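The structure appears below as structure tokens.
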Amino acid sequence: MIETVGLSKTFKGGVEAVGGVDLTVERGEIVGFLGPNGAGKTTTMRMLTTLLPPTSGTATVAGHDLLADPRGVRRRIGYVSQGGGINPVAPPARELELQAMLYGMRREEARARTREVMTRLDLAGLEDRPGGALSGGQRRRFDLAFGMLHRPALLFLDEPTTGLDPQSRANLWDHIRALRDEHGVTVFLTTHYLDEADALCDRLLIIDHGRIVAEGAPAELKTGGRTLDEVFLDITGRSLREEAGV
Amino acid sequence: MTITAEALAGRGRFPVLRDTWLLFRHDLGATLRQRVGLVFGATQPLLFLVLFGPIFATFGTWETLVPGLILQLGLLSSGMAGFGVVFEKRSGVLERMRVTPASRLALLLGRVLNNAVTLILQTLLLLAAGFAFGLRAPATGLLAGLALVVVLGMSLAALSYAAALTMNEQLFAPVISTVVVPLMLLSGSFLPMSMAPGWLDALSRLSPFRYVLEALRELFAGRYLTGTVGAGVAVTVVFAVVSLAVGTRVIGRVNA
Ligand SMILES: Nc1ncnc2c1ncn2[C@@H]1O[C@H](COP(=O)(O)OP(=O)(O)OP(=O)(O)O)[C@@H](O)[C@H]1O
Ligand SMILES: [Mg+2]
């Protein structure tokens with residue numbers, strides 16, 4: 001579903017955010033993309049979702065070449081960005097309908113689908129409230145609604161559960177599992193909650209300083225009786241120490 | 001379940017037109033609700049009309065002055081259009097839109113057409129005030145002039161979006177207002193360039209807006225099939241094509 005070769009991004013000013021990432025995600029997998037702050041997770045996702053042109057490397061996303069056919073990629077993916085995309089002065093419900101229609105749904109279908117997604121994410125009753133008048137968690141759930149609205153085959157979620165209460169978080173986990181189990185949706189997500197990664201993901205990729213430093217199922221990574229937190233700290237902490245020349 | 005074939009078919013044979021229409025209509029309510037902003041955007045030319053017009057009318061005609069003020073309005077109103085997209089970029093809305101398969105041209109046109117609606121309403125306001133003071137022009141000339149100004153305004157709005165998306169946000173407003181004033185003066189907005197000394201006249205020929213303004217004045221005078229009108233239309237069309245191409249390119253690949 002995702003296959004990248006040597007994907008890299010150096011920003012103007014010389015910041016190498018992503019330095020040659022090769023990764024593969026199979027259809028129907030839930031893959032967690034972990035790494036410390038500034039490791040290059042968001043940058044990688046923005047490249048894979050056609051928002052940011054890579055400095056070098058190639059990728060096939062949802063069956064389409066990222067560089068040659070960005071539109072084909074866009075049709076098949078959903079993306080929930082780390083910062084979200086809620087218009088503070090308009091009700092997100094109206095914008096959901098617009099967005100559904102931009103994905104090709106007719107008006108009636110777009111309305112019905114908006115209602116359905118809002119109900120699924122516990123947002124019913126908030127149809128008329130502008131984005132600026134929603135709580136942080138409500139806004140986050142609307143972000144998720146935008147990402148799932150058009151039933152994408154591949155879903156990119158950048159820290160989807162940040163700011164959600166425990167119940168909303170559990171609800172989202174259920175929903176993600178159901179999407180995969182019932183509809184074969186592939187999910188590529190980042191999170192800083194390692195219990196979440198452990199519980200939800202089939203496989204984890206750990207990135208640090210723009211490079212993949214570890215990969216495997218949660219159970220495979222937890223060697224020697226360590227928790228995932230300990231594994232994470234060992235991996236990313238060690239690369240910090242190596243950098244310092246220790 | 002992925003996107004269905006029916007859903008894709010629903011995009012129709014002209015996805016650009018459909019997307020543009022959807023985006024235009026979605027923003028239209030907000031455009032029409034901003035009545036205060038609409039009037040404020042037109043205050044500067046309105047003030048010129050009321051406080052400078054009567055002096056101008058002692059030696060010139062309202063038919064010369066009002067087209068100049070309309071051009072001024074077009075430059076100011078459309079030049080500042082980019083402001084809107086700065087907020088959309090900050091709130092993440094623009095990025096959310098850019099991940100959808102919506103055509104990049106439509107993402108631009110949906111916005112630009114809303115700027116056109118604003119500009120039309122503002123121009124009508126200015127024309128009404130002009131008529132109250134003594135402007136007289138044939139309906140055909142007024143309509144043709146309006147069409148020309150709207151196309152010019154849409155092109156400027158597209159460039160304004162491109163500038164707002166590529167430039168430092170803090171610099172945008174000061175730069176635009178600094179750029180607009182010389183362009184306005186050079187187009188002969190207040191006094192026709194035929195009154196200028198040779199060097200200034202020559203310099204003003206570099207501004208595309210001079211040709212548009214001269215065409216506007218001809219149209220208001222009821223002369224339609226002249227070389228001046230032809231030149232104004234040609235310049236406007238070329239300017240529109242270039243601006244929309246630049247705007248589409250920038251909105252399609254903003255990195256930040
Ligand atoms: N537009 C930009 N210009 C310059 N540098 C950038 C830009 N965007 C990101 N970076 C830098 O690239 C690196 C990777 O950033 P990125 O946002 O991908 O990290 P992340 O792994 O998502 O971190 P977090 O967990 O904090 O979200 C960081 O050092 C960041 O400062
Ligand atoms: Mg991030």
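To be explicit about the labels: the chains of the structure tokens are called A, B, and onward in the order shown, and within each one the residues are counted from 1, while ligands get numbers from 1 in the order they are shown.
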inquiry  = Could you list, as a ChimeraX atom specification, every residue within 10 Å of segment 45-60 of chain A, counting only C-alpha atoms and ignoring same-chain residues fewer than 3 positions away?
reply    = /A:1-11,16,18-24,33,40-42,63-71,73-74,77-82,155-158,188-190 /B:95-96,98-100,252-256
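Residues of segment 84-186 of chain A carrying a DSSP assignment of strand (DSSP E or B), computed from the backbone, are Leu154, Leu155, Phe156, Leu157, Asp158 and Thr186 of chain A.
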Next item on the list: Select residues of chain A: the criterion is any atom within 8 Å of an atom of chain B, counting only C-alpha atoms; output as a ChimeraX atom specification.
Entry: /A:49-53,71-72,74-76,78-79,81,83-88,98-99,101-106,150-153,183-185
Nearest to Arg210 of chain B, restricted to only C-alpha atoms and choosing among B:Gly53, B:Gly110, B:Gly84, B:Pro67, comes out as B:Pro67
Could you pull out all residues of segment 94-152 of chain B with a DSSP call of helix (DSSP H, G or I) and give them as a CSV table (one decimal) with C-alpha atoms, in the first residue's frame?
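Dumped everything to states-v5.csv:
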chain,number,residue,atom,x,y,z
B,94,LEU,CA,-5.9,24.9,3.0
B,95,GLU,CA,-3.8,21.9,3.6
B,96,ARG,CA,-6.9,19.8,4.2
B,97,MET,CA,-8.3,21.0,0.9
B,98,ARG,CA,-5.0,20.3,-0.9
B,99,VAL,CA,-5.2,16.6,0.1
B,104,ARG,CA,-5.8,23.0,-8.0
B,105,LEU,CA,-7.2,25.5,-10.5
B,106,ALA,CA,-10.6,25.1,-8.8
B,107,LEU,CA,-9.1,25.7,-5.4
B,108,LEU,CA,-8.0,29.0,-6.8
B,109,LEU,CA,-11.0,29.9,-8.9
B,110,GLY,CA,-13.5,29.1,-6.2
B,111,ARG,CA,-11.9,31.8,-4.1
B,112,VAL,CA,-11.2,34.2,-6.9
B,113,LEU,CA,-14.8,34.1,-8.1
B,114,ASN,CA,-15.9,35.2,-4.6
B,115,ASN,CA,-13.5,38.1,-4.9
B,116,ALA,CA,-15.2,38.9,-8.2
B,117,VAL,CA,-18.6,39.0,-6.5
B,118,THR,CA,-17.2,41.4,-3.9
B,119,LEU,CA,-15.6,43.6,-6.5
B,120,ILE,CA,-18.8,43.7,-8.6
B,121,LEU,CA,-20.9,44.9,-5.6
B,122,GLN,CA,-18.3,47.5,-4.7
B,123,THR,CA,-18.1,48.7,-8.3
B,124,LEU,CA,-21.9,49.1,-8.4
B,125,LEU,CA,-21.7,51.1,-5.2
B,126,LEU,CA,-19.1,53.4,-6.6
B,127,LEU,CA,-21.0,53.7,-9.9
B,128,ALA,CA,-24.2,54.6,-8.0
B,129,ALA,CA,-22.4,57.3,-6.1
B,130,GLY,CA,-20.8,58.5,-9.4
B,131,PHE,CA,-24.3,58.8,-11.0
B,132,ALA,CA,-25.5,60.8,-8.0
B,133,PHE,CA,-22.7,63.3,-8.7
B,139,ALA,CA,-25.4,50.9,-20.2
B,140,THR,CA,-23.4,48.9,-22.8
B,141,GLY,CA,-20.2,50.8,-22.0
B,142,LEU,CA,-20.8,50.3,-18.2
B,143,LEU,CA,-21.4,46.6,-18.6
B,144,ALA,CA,-18.4,46.1,-20.8
B,145,GLY,CA,-16.3,48.2,-18.5
B,146,LEU,CA,-17.5,46.1,-15.5
B,147,ALA,CA,-16.6,42.9,-17.3
B,148,LEU,CA,-13.1,44.1,-18.0
B,149,VAL,CA,-12.6,45.3,-14.4
B,150,VAL,CA,-13.9,42.0,-13.0
B,151,VAL,CA,-11.5,39.9,-15.1
B,152,LEU,CA,-8.6,42.2,-14.2
Show me, as a VMD selection string, the residues that have an atom within 7 Å of segment 38-45 of chain B when counting only C-alpha atoms, minus same-chain residues fewer than 2 positions from it.
chain B and resid 34 to 36 47 to 49 69 72 to 73 77 118 122
In Å and to one decimal, atom 27 (O, counted along the ligand's line) of ligand 1 is distant from atom CA of Asn37 of chain A by 5.3 Å
For Gly237 of chain A, list every protein, DNA or RNA residue within 10 Å, evaluated using only C-alpha atoms, and leave out those in the same chain fewer than 6 positions away; present the list as a PDB file with all heavy atoms, in the first residue's frame.
ATOM      1  N   PRO A  36      10.948  10.305  18.381  1.00  0.00           N
ATOM      2  CA  PRO A  36      10.912  11.491  19.246  1.00  0.00           C
ATOM      3  C   PRO A  36      10.500  12.752  18.472  1.00  0.00           C
ATOM      4  O   PRO A  36      10.440  12.731  17.249  1.00  0.00           O
ATOM      5  CB  PRO A  36      12.357  11.614  19.746  1.00  0.00           C
ATOM      6  CG  PRO A  36      13.177  10.637  18.989  1.00  0.00           C
ATOM      7  CD  PRO A  36      12.283   9.727  18.235  1.00  0.00           C
ATOM      8  N   ASP A 208      14.264   8.120  13.764  1.00  0.00           N
ATOM      9  CA  ASP A 208      14.999   9.081  14.589  1.00  0.00           C
ATOM     10  C   ASP A 208      15.959   9.828  13.670  1.00  0.00           C
ATOM     11  O   ASP A 208      16.604   9.221  12.808  1.00  0.00           O
ATOM     12  CB  ASP A 208      15.759   8.327  15.692  1.00  0.00           C
ATOM     13  CG  ASP A 208      16.189   9.279  16.806  1.00  0.00           C
ATOM     14  OD1 ASP A 208      15.737  10.439  16.810  1.00  0.00           O
ATOM     15  OD2 ASP A 208      16.976   8.837  17.666  1.00  0.00           O
ATOM     16  N   GLU A 230      10.597   1.235  27.355  1.00  0.00           N
ATOM     17  CA  GLU A 230      12.028   0.997  27.558  1.00  0.00           C
ATOM     18  C   GLU A 230      12.721   0.754  26.222  1.00  0.00           C
ATOM     19  O   GLU A 230      13.820   1.268  25.984  1.00  0.00           O
ATOM     20  CB  GLU A 230      12.232  -0.204  28.494  1.00  0.00           C
ATOM     21  CG  GLU A 230      11.888   0.136  29.946  1.00  0.00           C
ATOM     22  CD  GLU A 230      11.652  -1.095  30.833  1.00  0.00           C
ATOM     23  OE1 GLU A 230      11.486  -2.222  30.296  1.00  0.00           O
ATOM     24  OE2 GLU A 230      11.626  -0.910  32.059  1.00  0.00           O
ATOM     25  N   VAL A 231      12.062  -0.008  25.350  1.00  0.00           N
ATOM     26  CA  VAL A 231      12.652  -0.274  24.032  1.00  0.00           C
ATOM     27  C   VAL A 231      12.853   1.033  23.292  1.00  0.00           C
ATOM     28  O   VAL A 231      13.921   1.310  22.741  1.00  0.00           O
ATOM     29  CB  VAL A 231      11.711  -1.195  23.212  1.00  0.00           C
ATOM     30  CG1 VAL A 231      12.234  -1.339  21.790  1.00  0.00           C
ATOM     31  CG2 VAL A 231      11.581  -2.542  23.881  1.00  0.00           C
ATOM     32  N   GLU A 243      25.503   9.977  18.647  1.00  0.00           N
ATOM     33  CA  GLU A 243      25.729  11.245  17.985  1.00  0.00           C
ATOM     34  C   GLU A 243      26.697  12.106  18.802  1.00  0.00           C
ATOM     35  O   GLU A 243      27.521  12.836  18.275  1.00  0.00           O
ATOM     36  CB  GLU A 243      24.405  11.982  17.833  1.00  0.00           C
ATOM     37  CG  GLU A 243      24.433  13.008  16.722  1.00  0.00           C
ATOM     38  CD  GLU A 243      23.039  13.506  16.439  1.00  0.00           C
ATOM     39  OE1 GLU A 243      22.535  14.274  17.267  1.00  0.00           O
ATOM     40  OE2 GLU A 243      22.450  13.093  15.428  1.00  0.00           O
TER      41      GLU A 243
END
